[in-house]
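Undergrad: Below you'll find the structure I mean.
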Amino acid sequence: FFADVVLCAWLASIITMTYVSSSVHYLASILWWALTFLTLTSTTVTSYTILGGIDQEKKDDDAESEKNSFVTQKLRHLQKQVELRIQSHEPSGRVSMAGTLWEASPLLADYITNPACPLEAFQRMRIHEDGDDNARLQPQPSTVVELGSGVGLASLTAAFLGCRVFATDGSPSSIRLMDENFEKYASDIPIPPRAIRLDWGDMDEVESIIQSELSCLPDVIMASDVVYSFSAREELSQTIRRLCPLGHSSGRVVIAHRWRTDPADEESFFESFDNDFDREEVGLEFLPDDGYHRTRNMMDMRYPISIFEMRRKC
């Protein structure tokens, strides 16, 4: 409105300059320049206000969209479907690695709940309902630690089996998302999983978790999509070796890996364990028949995902 008033006054000054005497013309000229300045200033302020409002509205819409971002995942062996909160971007604006459900995590969740999964830590937690004589629930729950848990799908799945689960990640965003996702299903879980901050390679922190949280060495250390960053591999390796140290023969390491740009380089991470661990790749018969495949060919349209199991050598 103010800009419109100034614009009308500006036009009036032009008419005055055209049709009146020279003395009045001089005053009208001064008025013309003053009104020109006010017109430009008010228009600019109005534009910034409108654009600023649009930008803020977009930010509010993005924040609301981010607040309501969910992904649904079916757990076929448990006949369950879970809805997990995720996030596409961090508050800083960068893409959220921790808030993404990566491709290998659903495969890991499917494998550990497969009735044919040979891992004793998960088998002993199952309730067999094929007769009273076979019905049992192991009184001592298996202890599971997940590294790089992200939004917590695999940890939540292990908790559904009755395991005592510690979901770890170095990202505060991941801890926040897991706390929310675990709380959502707390009433369906015998022992709710714990979300714990852990930076790979921080041995004091690892030791503190073993002593104060676990009170024992874990039966299973599991992870998915954690080998993508070359710079973090050494710290990841150190953390795994501390959680499954020499002499912990009953401990198992399970890693689901999505092959990416350089399979040979990624393979070298797993080969680095071969001197101290027995390692084998999970067979295709344990994987769902919906596009997953153990191919290393990046041109293959199927998901190139492998699952490795490792145990300490005797």
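Letters A, B, ... go to the chains of the structure tokens in the order shown; residues in each chain start at 1; ligands are counted from 1 in the same order.
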With only C-alpha atoms as the counted atoms, please give the residues lying no more than 7 Å from Ser174 in chain A, apart from itself and same-chain residues fewer than 4 positions off, as JSON, numbers by chain.
TA: {"A": [98, 99, 150, 151, 169, 178]}
Undergrad: Let me see the file: selected residues, all heavy atoms, as a CSV table (one decimal), in the first residue's frame.
TA:
chain,number,residue,atom,x,y,z
A,98,ALA,N,23.1,-40.9,8.4
A,98,ALA,CA,22.6,-41.7,9.5
A,98,ALA,C,21.1,-41.8,9.5
A,98,ALA,O,20.5,-42.8,10.0
A,98,ALA,CB,22.9,-40.9,10.8
A,99,GLY,N,20.3,-40.9,8.8
A,99,GLY,CA,18.9,-41.0,8.8
A,99,GLY,C,18.3,-41.8,7.6
A,99,GLY,O,17.1,-41.8,7.4
A,150,GLY,N,22.2,-46.7,12.3
A,150,GLY,CA,21.4,-45.8,11.5
A,150,GLY,C,20.0,-45.6,12.1
A,150,GLY,O,19.9,-45.1,13.2
A,151,VAL,N,18.9,-46.0,11.4
A,151,VAL,CA,17.6,-45.8,12.0
A,151,VAL,C,17.1,-47.0,12.9
A,151,VAL,O,16.0,-47.0,13.4
A,151,VAL,CB,16.6,-45.5,10.9
A,151,VAL,CG1,16.9,-44.2,10.2
A,151,VAL,CG2,16.5,-46.7,9.9
A,169,ASP,N,25.8,-46.0,17.3
A,169,ASP,CA,26.1,-45.2,16.1
A,169,ASP,C,26.8,-43.9,16.6
A,169,ASP,O,26.6,-43.5,17.8
A,169,ASP,CB,24.8,-44.8,15.4
A,169,ASP,CG,25.1,-44.4,13.9
A,169,ASP,OD1,25.6,-43.3,13.7
A,169,ASP,OD2,24.7,-45.2,13.1
A,178,MET,N,16.6,-43.5,16.5
A,178,MET,CA,16.4,-44.9,17.0
A,178,MET,C,15.6,-44.8,18.3
A,178,MET,O,14.8,-45.7,18.6
A,178,MET,CB,17.8,-45.5,17.3
A,178,MET,CG,18.5,-46.0,16.0
A,178,MET,SD,19.9,-47.1,16.4
A,178,MET,CE,21.1,-46.0,17.0
Undergrad: Within 12 Å of Thr100 in chain A, counting only C-alpha atoms, which residues show up once you throw out same-chain ones fewer than 4 positions away? Write them as a PDB file with N, CA and C atoms, in the first residue's frame, please.
TA:
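part31.pdb was written with the following content:
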ATOM      1  N   SER A  69       8.650 -37.922   7.789  1.00  0.00           N
ATOM      2  CA  SER A  69       9.266 -38.867   6.868  1.00  0.00           C
ATOM      3  C   SER A  69       9.345 -40.242   7.520  1.00  0.00           C
ATOM      4  N   PHE A  70       8.724 -41.209   6.870  1.00  0.00           N
ATOM      5  CA  PHE A  70       8.735 -42.572   7.394  1.00  0.00           C
ATOM      6  C   PHE A  70       9.030 -43.540   6.252  1.00  0.00           C
ATOM      7  N   VAL A  71       9.514 -44.716   6.621  1.00  0.00           N
ATOM      8  CA  VAL A  71       9.679 -45.805   5.668  1.00  0.00           C
ATOM      9  C   VAL A  71       9.065 -47.051   6.295  1.00  0.00           C
ATOM     10  N   LEU A  84       9.331 -46.902  10.310  1.00  0.00           N
ATOM     11  CA  LEU A  84      10.455 -46.243  10.973  1.00  0.00           C
ATOM     12  C   LEU A  84      10.563 -44.797  10.520  1.00  0.00           C
ATOM     13  N   ARG A  85      10.870 -43.927  11.475  1.00  0.00           N
ATOM     14  CA  ARG A  85      11.133 -42.550  11.102  1.00  0.00           C
ATOM     15  C   ARG A  85      12.534 -42.438  10.517  1.00  0.00           C
ATOM     16  N   ILE A  86      12.655 -41.710   9.436  1.00  0.00           N
ATOM     17  CA  ILE A  86      13.934 -41.462   8.789  1.00  0.00           C
ATOM     18  C   ILE A  86      14.073 -39.958   8.589  1.00  0.00           C
ATOM     19  N   GLN A  87      15.218 -39.529   8.083  1.00  0.00           N
ATOM     20  CA  GLN A  87      15.372 -38.131   7.705  1.00  0.00           C
ATOM     21  C   GLN A  87      16.300 -38.054   6.503  1.00  0.00           C
ATOM     22  N   SER A  88      15.949 -37.186   5.561  1.00  0.00           N
ATOM     23  CA  SER A  88      16.744 -37.068   4.336  1.00  0.00           C
ATOM     24  C   SER A  88      17.915 -36.118   4.491  1.00  0.00           C
ATOM     25  N   HIS A  89      17.770 -35.114   5.373  1.00  0.00           N
ATOM     26  CA  HIS A  89      18.815 -34.112   5.534  1.00  0.00           C
ATOM     27  C   HIS A  89      19.047 -33.810   7.014  1.00  0.00           C
ATOM     28  N   GLU A  90      20.288 -33.452   7.316  1.00  0.00           N
ATOM     29  CA  GLU A  90      20.634 -33.004   8.650  1.00  0.00           C
ATOM     30  C   GLU A  90      20.169 -31.553   8.822  1.00  0.00           C
ATOM     31  N   VAL A  95      22.990 -33.978   3.192  1.00  0.00           N
ATOM     32  CA  VAL A  95      22.267 -35.248   3.144  1.00  0.00           C
ATOM     33  C   VAL A  95      22.571 -36.065   4.401  1.00  0.00           C
ATOM     34  N   SER A  96      21.549 -36.647   4.967  1.00  0.00           N
ATOM     35  CA  SER A  96      21.714 -37.407   6.210  1.00  0.00           C
ATOM     36  C   SER A  96      22.069 -38.855   5.906  1.00  0.00           C
ATOM     37  N   ALA A 104      21.283 -52.709   2.542  1.00  0.00           N
ATOM     38  CA  ALA A 104      21.702 -53.968   3.167  1.00  0.00           C
ATOM     39  C   ALA A 104      21.015 -54.233   4.504  1.00  0.00           C
ATOM     40  N   SER A 105      20.487 -53.193   5.135  1.00  0.00           N
ATOM     41  CA  SER A 105      19.883 -53.383   6.452  1.00  0.00           C
ATOM     42  C   SER A 105      18.643 -54.281   6.422  1.00  0.00           C
ATOM     43  N   PRO A 106      17.710 -54.099   5.483  1.00  0.00           N
ATOM     44  CA  PRO A 106      16.575 -55.030   5.421  1.00  0.00           C
ATOM     45  C   PRO A 106      16.999 -56.475   5.166  1.00  0.00           C
ATOM     46  N   GLY A 148      27.003 -48.933  13.677  1.00  0.00           N
ATOM     47  CA  GLY A 148      26.452 -48.127  12.586  1.00  0.00           C
ATOM     48  C   GLY A 148      24.987 -48.424  12.361  1.00  0.00           C
ATOM     49  N   SER A 149      24.186 -48.333  13.419  1.00  0.00           N
ATOM     50  CA  SER A 149      22.805 -48.815  13.373  1.00  0.00           C
ATOM     51  C   SER A 149      21.868 -47.961  12.530  1.00  0.00           C
ATOM     52  N   GLY A 150      22.217 -46.702  12.284  1.00  0.00           N
ATOM     53  CA  GLY A 150      21.356 -45.850  11.462  1.00  0.00           C
ATOM     54  C   GLY A 150      20.014 -45.600  12.117  1.00  0.00           C
ATOM     55  N   VAL A 151      18.936 -46.016  11.449  1.00  0.00           N
ATOM     56  CA  VAL A 151      17.589 -45.817  12.010  1.00  0.00           C
ATOM     57  C   VAL A 151      17.135 -47.003  12.854  1.00  0.00           C
ATOM     58  N   GLY A 152      17.960 -48.070  12.925  1.00  0.00           N
ATOM     59  CA  GLY A 152      17.724 -49.130  13.900  1.00  0.00           C
ATOM     60  C   GLY A 152      16.904 -50.326  13.461  1.00  0.00           C
ATOM     61  N   LEU A 153      16.752 -50.558  12.148  1.00  0.00           N
ATOM     62  CA  LEU A 153      15.913 -51.677  11.696  1.00  0.00           C
ATOM     63  C   LEU A 153      16.436 -53.026  12.179  1.00  0.00           C
ATOM     64  N   SER A 171      26.414 -40.934  15.237  1.00  0.00           N
ATOM     65  CA  SER A 171      25.648 -39.751  14.859  1.00  0.00           C
ATOM     66  C   SER A 171      24.552 -39.445  15.869  1.00  0.00           C
ATOM     67  N   SER A 173      21.971 -37.714  15.297  1.00  0.00           N
ATOM     68  CA  SER A 173      20.703 -37.862  14.572  1.00  0.00           C
ATOM     69  C   SER A 173      20.236 -39.306  14.609  1.00  0.00           C
ATOM     70  N   SER A 174      21.167 -40.231  14.453  1.00  0.00           N
ATOM     71  CA  SER A 174      20.823 -41.647  14.497  1.00  0.00           C
ATOM     72  C   SER A 174      20.294 -42.047  15.870  1.00  0.00           C
ATOM     73  N   LEU A 177      16.723 -40.748  16.195  1.00  0.00           N
ATOM     74  CA  LEU A 177      15.772 -41.512  15.388  1.00  0.00           C
ATOM     75  C   LEU A 177      15.529 -42.898  15.989  1.00  0.00           C
ATOM     76  N   MET A 178      16.599 -43.546  16.451  1.00  0.00           N
ATOM     77  CA  MET A 178      16.431 -44.879  17.048  1.00  0.00           C
ATOM     78  C   MET A 178      15.618 -44.826  18.330  1.00  0.00           C
ATOM     79  N   ASP A 225      26.108 -52.101   5.660  1.00  0.00           N
ATOM     80  CA  ASP A 225      26.527 -50.909   4.908  1.00  0.00           C
ATOM     81  C   ASP A 225      27.467 -50.028   5.715  1.00  0.00           C
TER      82      ASP A 225
END
Undergrad: Quick one: pull the distance between CA of Ser208 in chain A and CA of Arg242 in chain A, Å, one decimal.
TA: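 Between these atoms lies a distance of 11.7 Å.
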Undergrad: From a DSSP calculation on the backbone, collect every residue of range 222-260 of chain A in alpha helix (DSSP H) and output the set as a ChimeraX atom specification.
TA: /A:233-243
Undergrad: Which value, in Å to one decimal, gives the distance between CA of Phe230 in chain A and CA of Arg252 in chain A?
TA: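 Distance reported for this atom pair: 23.3 Å.
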Undergrad: Using only C-alpha atoms, which of A:Val145, A:Met222, A:Leu161, A:Cys216 sits nearest Arg194 in chain A?
TA: A:Val145
